[in-house]
>>> print(open('final20.cif').read())   # mmCIF, C-alpha atoms
data_input
loop_
_atom_site.label_atom_id
_atom_site.label_comp_id
_atom_site.auth_asym_id
_atom_site.auth_seq_id
_atom_site.Cartn_x
_atom_site.Cartn_y
_atom_site.Cartn_z
CA MET A 1 103.48 143.70 227.79
CA ARG A 2 106.51 144.92 226.06
CA LYS A 3 107.55 141.37 225.56
CA HIS A 4 104.19 140.56 223.98
CA ILE A 5 104.46 143.39 221.46
CA ALA A 6 107.89 142.22 220.57
CA THR A 7 106.65 138.71 219.80
CA VAL A 8 103.78 140.02 217.67
CA ARG A 9 106.15 142.10 215.64
CA GLN A 10 108.46 139.20 215.24
CA GLU A 11 105.62 136.95 214.10
CA GLU A 12 104.54 139.51 211.53
CA ASP A 13 108.04 139.60 210.19
CA GLU A 14 108.16 135.89 209.86
CA ALA A 15 104.74 135.51 208.27
CA GLU A 16 106.26 135.46 204.81
CA ILE A 17 104.74 133.18 202.22
CA ASN A 18 106.61 129.94 201.98
CA LEU A 19 107.91 129.90 198.43
CA THR A 20 109.34 126.40 198.45
CA PRO A 21 106.32 124.46 197.06
CA MET A 22 105.80 127.01 194.30
CA LEU A 23 109.48 126.83 193.51
CA ASP A 24 109.18 123.06 193.22
CA VAL A 25 106.31 123.37 190.78
CA VAL A 26 108.09 126.06 188.76
CA PHE A 27 111.23 123.96 188.55
CA ILE A 28 109.30 120.92 187.41
CA MET A 29 107.59 123.01 184.70
CA LEU A 30 110.95 124.44 183.70
CA ILE A 31 112.48 120.99 183.40
CA PHE A 32 109.46 119.79 181.41
CA PHE A 33 109.74 122.61 178.90
CA ILE A 34 113.50 122.26 178.60
CA VAL A 35 113.17 118.55 177.93
CA THR A 36 110.34 118.90 175.42
CA ALA A 37 111.97 121.88 173.71
CA SER A 38 112.89 120.70 170.26
CA PHE A 39 116.11 121.90 168.89
CA ILE A 40 115.81 119.37 166.10
CA ARG A 41 116.08 121.01 162.76
CA GLU A 42 115.70 119.00 159.64
CA THR A 43 118.12 119.59 156.82
CA GLY A 44 116.77 119.73 153.30
CA LEU A 45 116.50 121.44 149.95
CA ASP A 46 114.11 124.13 148.89
CA ALA A 47 111.44 122.90 146.54
CA GLN A 48 109.18 125.13 144.51
CA ARG A 49 106.11 124.37 142.53
CA PRO A 50 104.92 126.63 139.74
CA ASP A 51 101.59 128.31 140.43
CA GLN A 52 98.76 126.03 139.60
CA ASN A 53 96.94 128.39 137.27
CA ASP A 54 99.90 128.80 134.98
CA THR A 55 100.51 125.14 134.36
CA PRO A 56 103.84 125.14 132.61
CA THR A 57 103.90 124.48 128.94
CA VAL A 58 107.57 125.25 129.14
CA THR A 59 109.61 124.29 126.17
CA ASP A 60 113.21 124.79 125.39
CA GLU A 61 112.43 127.76 123.12
CA GLU A 62 111.03 129.67 126.06
CA GLY A 63 114.43 129.55 127.63
CA ALA A 64 113.98 127.30 130.61
CA ILE A 65 116.63 124.75 131.44
CA LEU A 66 114.65 121.58 131.08
CA VAL A 67 115.67 118.53 133.07
CA MET A 68 113.56 115.42 132.74
CA ILE A 69 113.58 112.27 134.83
CA ASN A 70 111.82 109.34 133.21
CA GLY A 71 110.25 106.33 134.86
CA ASN A 72 113.51 104.41 134.83
CA ASP A 73 115.38 107.19 136.66
CA GLU A 74 117.23 108.26 133.54
CA VAL A 75 118.01 111.95 133.28
CA PHE A 76 117.57 114.08 130.18
CA VAL A 77 118.86 117.62 129.95
CA ALA A 78 117.30 119.51 127.04
CA ASN A 79 116.00 116.20 125.68
CA GLN A 80 119.45 114.62 125.62
CA SER A 81 120.20 111.63 127.78
CA VAL A 82 122.80 112.61 130.36
CA ASP A 83 124.63 110.66 133.01
CA MET A 84 123.79 111.80 136.54
CA ARG A 85 127.37 113.01 137.10
CA GLN A 86 127.17 115.14 133.96
CA VAL A 87 124.00 116.97 135.02
CA ARG A 88 125.76 119.62 137.08
CA PRO A 89 128.30 120.65 134.39
CA ARG A 90 125.57 120.69 131.77
CA ILE A 91 123.16 122.89 133.68
CA GLN A 92 126.02 125.03 134.89
CA ALA A 93 127.03 125.69 131.29
CA MET A 94 123.45 126.52 130.37
CA HIS A 95 123.16 128.76 133.41
CA ALA A 96 126.37 130.54 132.45
CA GLU A 97 124.94 131.40 129.03
CA ASP A 98 121.99 133.18 130.55
CA ALA A 99 121.78 133.56 134.31
CA GLU A 100 118.12 134.57 134.10
CA ARG A 101 117.00 131.22 132.74
CA PRO A 102 114.72 129.37 135.11
CA MET A 103 115.08 125.65 135.55
CA VAL A 104 112.24 123.17 135.31
CA ILE A 105 112.51 119.59 136.54
CA GLN A 106 109.99 117.31 134.93
CA ALA A 107 109.68 114.23 137.07
CA HIS A 108 107.95 111.09 135.91
CA PRO A 109 105.45 109.80 138.51
CA ASP A 110 107.45 106.59 138.89
CA SER A 111 110.86 108.25 139.24
CA THR A 112 112.43 108.20 142.70
CA THR A 113 113.03 111.03 145.12
CA LYS A 114 116.73 110.20 145.13
CA MET A 115 117.03 111.48 141.55
CA LEU A 116 114.88 114.52 142.20
CA VAL A 117 116.97 115.49 145.21
CA SER A 118 120.28 114.99 143.42
CA ILE A 119 119.09 117.19 140.56
CA LEU A 120 117.90 119.85 143.00
CA ASP A 121 121.30 119.53 144.66
CA SER A 122 123.08 119.95 141.31
CA ALA A 123 120.97 123.02 140.58
CA ASN A 124 121.91 124.51 143.93
CA GLN A 125 125.57 123.78 143.26
CA ALA A 126 125.29 125.41 139.86
CA GLY A 127 123.83 128.46 141.56
CA ILE A 128 120.40 128.33 139.95
CA ASP A 129 117.80 129.86 142.23
CA ASN A 130 114.68 129.55 140.18
CA VAL A 131 113.93 125.84 140.08
CA SER A 132 110.48 124.38 139.84
CA VAL A 133 109.30 120.82 139.84
CA VAL A 134 106.51 119.58 137.61
CA GLU A 135 105.03 116.21 136.99
CA LEU A 136 105.72 114.74 133.58
CA MET B 5 126.00 137.69 224.73
CA ARG B 6 128.18 137.43 221.76
CA ASP B 7 127.11 133.83 221.21
CA HIS B 8 123.47 134.82 221.27
CA ASP B 9 123.98 137.48 218.60
CA GLU B 10 125.73 135.10 216.30
CA SER B 11 123.02 132.48 216.53
CA LEU B 12 120.39 135.09 215.73
CA GLU B 13 122.31 136.21 212.69
CA GLU B 14 122.66 132.66 211.52
CA ASP B 15 118.93 132.14 211.80
CA GLU B 16 118.13 135.18 209.75
CA SER B 17 120.77 134.63 207.12
CA GLU B 18 118.42 132.65 204.88
CA ILE B 19 119.16 132.87 201.19
CA ASN B 20 116.96 135.39 199.48
CA LEU B 21 115.18 133.39 196.82
CA THR B 22 113.53 136.27 194.98
CA PRO B 23 116.24 136.97 192.35
CA MET B 24 116.58 133.28 191.59
CA LEU B 25 112.82 133.04 191.29
CA ASP B 26 112.85 135.93 188.83
CA VAL B 27 115.45 134.19 186.70
CA VAL B 28 113.63 130.87 186.85
CA PHE B 29 110.36 132.51 185.83
CA ILE B 30 112.00 134.26 182.91
CA MET B 31 113.54 130.96 181.79
CA LEU B 32 110.17 129.28 182.18
CA ILE B 33 108.43 131.91 180.08
CA PHE B 34 111.18 131.67 177.47
CA PHE B 35 110.82 127.92 177.16
CA ILE B 36 107.02 128.08 177.08
CA VAL B 37 107.07 130.69 174.35
CA THR B 38 109.69 128.94 172.25
CA ALA B 39 108.26 125.48 172.86
CA VAL B 40 107.55 123.80 169.57
CA PHE B 41 105.78 120.53 169.75
CA VAL B 42 107.22 118.81 166.72
CA LYS B 43 104.75 116.89 164.67
CA GLU B 44 106.80 113.87 163.78
CA PRO B 45 105.44 111.93 160.85
CA GLY B 46 105.74 108.67 162.78
CA VAL B 47 107.69 106.67 160.25
CA GLU B 48 111.40 106.35 159.59
CA VAL B 49 112.59 107.07 156.09
CA ASP B 50 115.93 106.79 154.36
CA ARG B 51 116.57 110.35 153.26
CA PRO B 52 118.43 111.05 150.05
CA GLU B 53 121.79 112.76 150.31
CA ALA B 54 122.63 116.23 149.09
CA LEU B 55 125.66 118.47 149.29
CA THR B 56 123.78 121.74 149.55
CA ALA B 57 121.25 120.81 152.23
CA PHE B 58 120.48 123.64 154.62
CA GLN B 59 118.69 123.73 157.93
CA ALA B 60 114.96 124.11 157.70
CA GLY B 61 113.27 126.41 160.17
CA ALA B 62 112.02 125.06 163.47
CA GLY B 63 108.39 124.24 163.94
CA SER B 64 107.84 122.64 160.62
CA ILE B 65 105.12 120.24 159.63
CA TYR B 66 106.66 116.95 158.65
CA VAL B 67 105.17 114.86 155.88
CA ALA B 68 106.78 111.49 155.24
CA VAL B 69 106.52 109.59 151.99
CA THR B 70 107.49 105.92 152.14
CA PRO B 71 108.58 103.65 149.28
CA GLN B 72 105.32 101.73 149.87
CA ASP B 73 103.35 104.74 148.58
CA GLU B 74 102.13 105.75 152.01
CA ILE B 75 101.96 109.33 153.22
CA TRP B 76 102.38 109.91 156.94
CA ILE B 77 101.44 113.09 158.74
CA ASP B 78 101.38 113.43 162.52
CA ARG B 79 101.81 109.71 163.20
CA SER B 80 99.09 108.44 160.93
CA VAL B 81 98.73 107.39 157.32
CA VAL B 82 96.91 109.99 155.25
CA GLU B 83 95.08 109.45 152.00
CA ALA B 84 96.26 111.52 149.05
CA ASN B 85 93.11 113.66 149.00
CA GLU B 86 93.36 114.40 152.74
CA ILE B 87 96.92 115.78 152.71
CA ARG B 88 95.80 119.35 152.23
CA TYR B 89 93.26 119.14 155.03
CA SER B 90 95.83 117.65 157.40
CA ILE B 91 98.38 120.34 156.62
CA GLU B 92 95.77 123.06 157.08
CA ARG B 93 94.73 121.59 160.40
CA LEU B 94 98.34 121.50 161.66
CA ARG B 95 98.95 125.00 160.39
CA GLN B 96 96.10 126.34 162.49
CA GLU B 97 98.18 125.47 165.55
CA SER B 98 101.33 127.12 164.19
CA PRO B 99 100.47 129.41 161.27
CA ALA B 100 104.09 130.24 160.44
CA ALA B 101 105.14 126.62 160.00
CA GLY B 102 106.66 125.44 156.78
CA VAL B 103 106.37 121.95 155.36
CA VAL B 104 109.25 119.49 155.30
CA ILE B 105 108.71 116.53 153.01
CA LYS B 106 110.63 113.55 154.36
CA ALA B 107 110.58 111.39 151.30
CA ASP B 108 112.39 108.09 151.15
CA SER B 109 115.16 107.77 148.55
CA ASP B 110 113.01 105.26 146.72
CA ALA B 111 109.69 107.02 147.14
CA ARG B 112 107.85 107.80 143.93
CA ASN B 113 107.91 111.40 142.80
CA GLU B 114 104.20 111.30 142.01
CA LEU B 115 103.42 111.34 145.72
CA VAL B 116 106.13 113.88 146.50
CA ILE B 117 104.65 116.24 143.93
CA GLN B 118 101.15 115.60 145.29
CA VAL B 119 102.36 116.59 148.74
CA MET B 120 104.02 119.71 147.32
CA ASP B 121 100.78 120.62 145.55
CA ALA B 122 98.74 120.04 148.69
CA ALA B 123 101.12 122.15 150.76
CA LYS B 124 100.97 124.93 148.22
CA ALA B 125 97.18 124.71 148.11
CA ALA B 126 97.17 124.98 151.90
CA GLY B 127 99.05 128.26 151.56
CA VAL B 128 102.52 127.10 152.55
CA ASP B 129 105.30 128.94 150.75
CA ASN B 130 108.15 127.33 152.54
CA ILE B 131 108.38 123.77 151.22
CA VAL B 132 111.54 121.79 151.83
CA ILE B 133 112.48 118.30 150.71
CA ALA B 134 114.48 116.63 153.45
CA ALA B 135 117.97 115.53 152.56
CA SER B 136 120.87 114.49 154.72
CA ASP B 137 123.92 116.66 154.54
CA ILE B 138 127.01 114.87 153.26
#
>>> encode(input="final20.cif", output="structure tokens")
Amino acid sequence: MRKHIATVRQEEDEAEINLTPMLDVVFIMLIFFIVTASFIRETGLDAQRPDQNDTPTVTDEEGAILVMINGNDEVFVANQSVDMRQVRPRIQAMHAEDAERPMVIQAHPDSTTKMLVSILDSANQAGIDNVSVVEL
Amino acid sequence: MRDHDESLEEDESEINLTPMLDVVFIMLIFFIVTAVFVKEPGVEVDRPEALTAFQAGAGSIYVAVTPQDEIWIDRSVVEANEIRYSIERLRQESPAAGVVIKADSDARNELVIQVMDAAKAAGVDNIVIAASDI
């Protein structure tokens, strides 16, 4: 009798839930989420558009630094043709005169993204924060 | 007698899995919560280079613009007038997502600006033009 009670108690002790299958499932889920977790982060430049209701009729008199890209990927700063390498010094000089001046990039529909990005890059290098892009 | 005791101890000296299970569950929850299923545009583009490129936030909506005047969102070509709808649909899944425009170096700015307009119309403030860091 005593022996019987002892075995019952021992059985009760051992009647723990077997965690191994759940652990397998949990590990597989963990591996799935680790593998699918995307740590990819794209690098890029900030691009702003002016609000649509105040469509810019920005001219030089209003004080914006005006950079235009025409359909042949030629760059004009304040209506003067400028070599791509000269864009950064030019806008930097204009920015130095008045740091509050916003910058507007007027891009021709047929101009390429390469030019737009290098001008945005130049603006960032010159330290101009307020840059917007409009279509010519 | 001594032998018997030792064998009993050996039997009962199973590793206690509970703390490991706790850790694994916490890791699992962490990865589920932070899981971002990236919406790749589905087309490879040659990104322009820039010196001041910074890292865009995770969980962005990618919009690719090819030199062939195609716009790709979520692995399919999208018509110009459907860009806004597509961005809005993807933003319902992750409302905090920004938009990354992966435009080819030779893509036309007309389309890039259309995508920027559509993103803005869809209520996205965080618009980034992809550029490779040099």
>>> closest_residue(input="final20.cif", among="B:Val67, B:Val27, B:Ile105, B:Ile36", to="Phe32 in chain A", atoms="all atoms listed in the file")
B:Ile36
>>> residues_near_point(input="final20.cif", point="(107.5, 104.0, 139.7)", cutoff="10 Å", atoms="only C-alpha atoms", output="CSV table (one decimal) with C-alpha atoms, keeping the file's coordinate frame")
chain,number,residue,atom,x,y,z
A,70,ASN,CA,111.8,109.3,133.2
A,71,GLY,CA,110.2,106.3,134.9
A,72,ASN,CA,113.5,104.4,134.8
A,73,ASP,CA,115.4,107.2,136.7
A,108,HIS,CA,108.0,111.1,135.9
A,109,PRO,CA,105.4,109.8,138.5
A,110,ASP,CA,107.4,106.6,138.9
A,111,SER,CA,110.9,108.2,139.2
A,112,THR,CA,112.4,108.2,142.7
B,71,PRO,CA,108.6,103.6,149.3
B,73,ASP,CA,103.4,104.7,148.6
B,110,ASP,CA,113.0,105.3,146.7
B,111,ALA,CA,109.7,107.0,147.1
B,112,ARG,CA,107.8,107.8,143.9
B,113,ASN,CA,107.9,111.4,142.8
B,114,GLU,CA,104.2,111.3,142.0
>>> resolve_selection(input="final20.cif", expression="the PyMOL selection byres ((chain B) within 8 of (chain A))", output="PyMOL selection string")
chain B and resi 25+28-29+31-32+35-36+38-42+52-62+104+107-117+120-121+124+130-137
>>> atom_distance(input="final20.cif", atom1="CA of Ser81 in chain A", atom2="CA of Lys106 in chain B")
28.3 Å
>>> atom_distance(input="final20.cif", atom1="CA of Ser90 in chain B", atom2="CA of Arg51 in chain B")
22.4 Å
>>> resolve_selection(input="final20.cif", expression="the PyMOL selection byres ((chain A and resi 102) around 10)", output="list of chain:residue names")
A:Glu62, A:Gly63, A:Ala64, A:Ile65, A:Leu66, A:His95, A:Asp98, A:Ala99, A:Glu100, A:Arg101, A:Met103, A:Val104, A:Ile128, A:Asp129, A:Asn130, A:Val131, A:Ser132
>>> closest_residue(input="final20.cif", among="B:Ala123, B:Val47, B:Ile138, B:Ser17", to="Glu74 in chain B", atoms="only C-alpha atoms")
B:Val47
>>> residues_around(input="final20.cif", residues="range 77-80 of chain A", least_positions_apart="4", cutoff="10 Å", atoms="all atoms listed in the file", output="list in words")
Thr59, Asp60, Ala64, Ile65, Leu66, Val67, Met68, Ile69, Gln86, Val87, Arg90, Ile91, Met94 and Ile105 of chain A
>>> residues_around(input="final20.cif", residues="range 76-81 of chain B", least_positions_apart="5", cutoff="6 Å", atoms="only C-alpha atoms", output="VMD selection string")
chain B and resid 43 to 46 67 to 68
>>> atom_distance(input="final20.cif", atom1="CA of Met84 in chain A", atom2="CA of Glu97 in chain A")
21.0 Å
